[in-house]
Amino acid sequence: MSLIEVAHLGRLAANAGPSTLIELGRERGGSTLVLATAMARAATLHSFDPQSKLPQLGDRFDSKLGEAFARYGLADRVHLSREDSQTVEPLAGHYAIVLVDGDPSLEGTRSDFERFCLQLQPGGHALFHDAAPGDPRQLTLKPLMAEIERDGRFARRPDVGTFIEFQRLPGD
Ligand SMILES: C[S@@+](CC[C@H](N)C(=O)[O-])C[C@H]1O[C@@H](n2cnc3c(N)ncnc32)[C@H](O)[C@@H]1O
């Protein structure tokens, strides 16, 4: 993740207040650390990644990350799950942020949108990483981004780095 993306993610997390934040795809945990350390004191972060990209290293990443959160006193508010975002039962309630950075395929990203982003609270943010013009994945995700843009429930915000961002509007 680039510095401008990290700064943006941190700012959104800091402004989200006491809420539920969702991360789909954490790998080494860079974005997990940003979200967890920036979020409000009463917020919780649920991160999902079966570590399918680097299965031999996933355990090591997750245990180091867990140790870091314990050191920062965040262990009870950061939940590192090895479940797949396409099969895990989404948490009840509404979310303030959904970071979509897991399965890079169109079908996988669509599933993440439908299963998690549709549960965003009014004003909540869906962030699609590696989706903006200029990123190689842009063409793959373009049809889905266009669909969401036409969907009356979301407003597209300005792109930040490779993030395409949508904000949930009030109403159904
Ligand atoms: C680009 S990395 C995530 C990087 C991380 N967000 C960061 O910026 O530090 C993509 C991750 O998505 C995970 N992934 C792939 N399919 C997934 C799925 N269905 N559910 C959750 N995570 C998935 C992979 O295991 C990989 O670790």
# chains A, B, ... in the order shown; residues from 1 in each chain; ligands from 1
$ closest_atom_pairs --of "range 49-143 of chain A" --to "range 148-157 of chain A" --cutoff "12 Å" --atoms "only C-alpha atoms" --output "tab-separated table"
residue	atom	partner	partner_atom	distance
A:Thr109	CA	A:Ile148	CA	11.9
A:Arg110	CA	A:Ile148	CA	10.0
A:Phe113	CA	A:Ile148	CA	9.1
A:Glu114	CA	A:Ile148	CA	10.4
A:Cys117	CA	A:Phe154	CA	9.9
A:Leu118	CA	A:Arg153	CA	8.9
A:Gln119	CA	A:Arg153	CA	11.2
A:Leu120	CA	A:Phe154	CA	10.0
A:Gln121	CA	A:Arg153	CA	11.0
A:Pro122	CA	A:Arg153	CA	9.3
A:Gly123	CA	A:Phe154	CA	9.2
A:Gly124	CA	A:Phe154	CA	9.6
A:His125	CA	A:Phe154	CA	9.2
A:Ala126	CA	A:Phe154	CA	9.2
A:Leu127	CA	A:Arg157	CA	9.9
A:Phe128	CA	A:Arg156	CA	11.4
A:Ala132	CA	A:Arg157	CA	11.6
A:Leu141	CA	A:Ile148	CA	10.8
A:Lys142	CA	A:Ile148	CA	10.0
A:Pro143	CA	A:Ile148	CA	8.8
$ residues_near_ligand --ligand "ligand 1" --cutoff "6 Å" --atoms "only C-alpha atoms and all ligand atoms" --output "MDAnalysis selection string"
chainID A and resid 1 24:31 48:53 84:86 101:103
$ select_by_dssp --residues "range 2-169 of chain A" --states "strand (DSSP E)" --output "PyMOL selection string"
chain A and resi 20-24+44-48+78-81+95-100+120-128+154-156+164-168
$ select_by_dssp --residues "range 9-82 of chain A" --states "alpha helix (DSSP H)" --output "PyMOL selection string"
chain A and resi 9-15+30-38+55-71
$ residues_around --residues "Glu89 in chain A" --least-positions-apart "5" --cutoff "12 Å" --atoms "only C-alpha atoms" --output "short mmCIF file (atom, residue, chain, number, x, y, z; two decimals) with N, CA and C atoms, in the first residue's frame"
data_model
loop_
_atom_site.label_atom_id
_atom_site.label_comp_id
_atom_site.auth_asym_id
_atom_site.auth_seq_id
_atom_site.Cartn_x
_atom_site.Cartn_y
_atom_site.Cartn_z
N PHE A 48 -10.26 -10.75 7.86
CA PHE A 48 -10.41 -12.11 7.34
C PHE A 48 -9.36 -12.37 6.26
N SER A 81 -9.01 -13.42 11.73
CA SER A 81 -9.67 -14.68 11.37
C SER A 81 -8.98 -15.28 10.13
N GLU A 83 -10.61 -17.26 8.24
CA GLU A 83 -11.71 -17.71 7.39
C GLU A 83 -11.74 -16.92 6.07
N ASP A 84 -12.34 -17.56 5.09
CA ASP A 84 -12.46 -17.01 3.74
C ASP A 84 -13.64 -16.05 3.70
N ASP A 112 -17.37 -10.08 -2.16
CA ASP A 112 -17.03 -9.24 -1.00
C ASP A 112 -17.95 -8.02 -0.94
N ARG A 115 -21.54 -9.35 0.11
CA ARG A 115 -21.65 -9.95 1.45
C ARG A 115 -21.32 -8.95 2.55
N PHE A 116 -20.42 -8.00 2.26
CA PHE A 116 -19.96 -7.10 3.33
C PHE A 116 -20.32 -5.63 3.07
#
$ closest_residue --among "A:Thr140, A:Gln167, A:Thr32, A:Thr162" --to "Ile4 in chain A" --atoms "only C-alpha atoms"
A:Thr162
$ atom_distance --atom1 "CA of Met39 in chain A" --atom2 "CA of Gly134 in chain A"
29.3 Å
$ residues_around --residues "Ser19 in chain A" --least-positions-apart "4" --cutoff "12 Å" --atoms "only C-alpha atoms" --output "list in words"
Leu12, Ala13, Ala14, Asn15, Ala36, Met39, Ala40, Arg41, Ala42, Ala43, Thr44, Leu45, His46, Arg77, Gly93, His94, Tyr95, Ala96, Ile97, Val98, Leu120, Gln121, Gly123 and Gly124 of chain A
$ write_last_selection --atoms "C-alpha atoms" --output "compact mmCIF listing (two decimals), in the first residue's frame"
# COMPACT_ATOMS: atom_id res chain seq x y z
CA LEU A 12 -11.03 7.17 7.68
CA ALA A 13 -10.45 4.77 10.58
CA ALA A 14 -9.74 7.63 13.01
CA ASN A 15 -12.94 9.43 11.94
CA ALA A 36 -6.15 -1.02 14.27
CA MET A 39 -9.40 3.43 15.00
CA ALA A 40 -11.29 4.90 17.95
CA ARG A 41 -10.94 3.37 21.43
CA ALA A 42 -14.37 1.74 21.30
CA ALA A 43 -14.05 0.47 17.71
CA THR A 44 -13.37 -3.13 16.73
CA LEU A 45 -11.62 -4.54 13.68
CA HIS A 46 -12.43 -7.91 12.13
CA ARG A 77 -10.56 -5.30 19.77
CA GLY A 93 -24.81 -5.32 12.43
CA HIS A 94 -23.49 -2.53 10.31
CA TYR A 95 -19.95 -1.51 9.47
CA ALA A 96 -18.18 1.84 9.18
CA ILE A 97 -15.41 0.67 6.82
CA VAL A 98 -14.97 -2.34 4.57
CA LEU A 120 -22.22 -0.61 5.55
CA GLN A 121 -23.93 1.90 7.78
CA GLY A 123 -21.94 7.24 5.67
CA GLY A 124 -19.79 4.09 5.80
$ residues_around --residues "Phe69 in chain A" --least-positions-apart "5" --cutoff "8 Å" --atoms "only C-alpha atoms" --output "list in words"
Leu74, Ala75 and Val78 of chain A
$ atom_distance --atom1 "CA of Leu54 in chain A" --atom2 "CA of Val160 in chain A"
27.2 Å
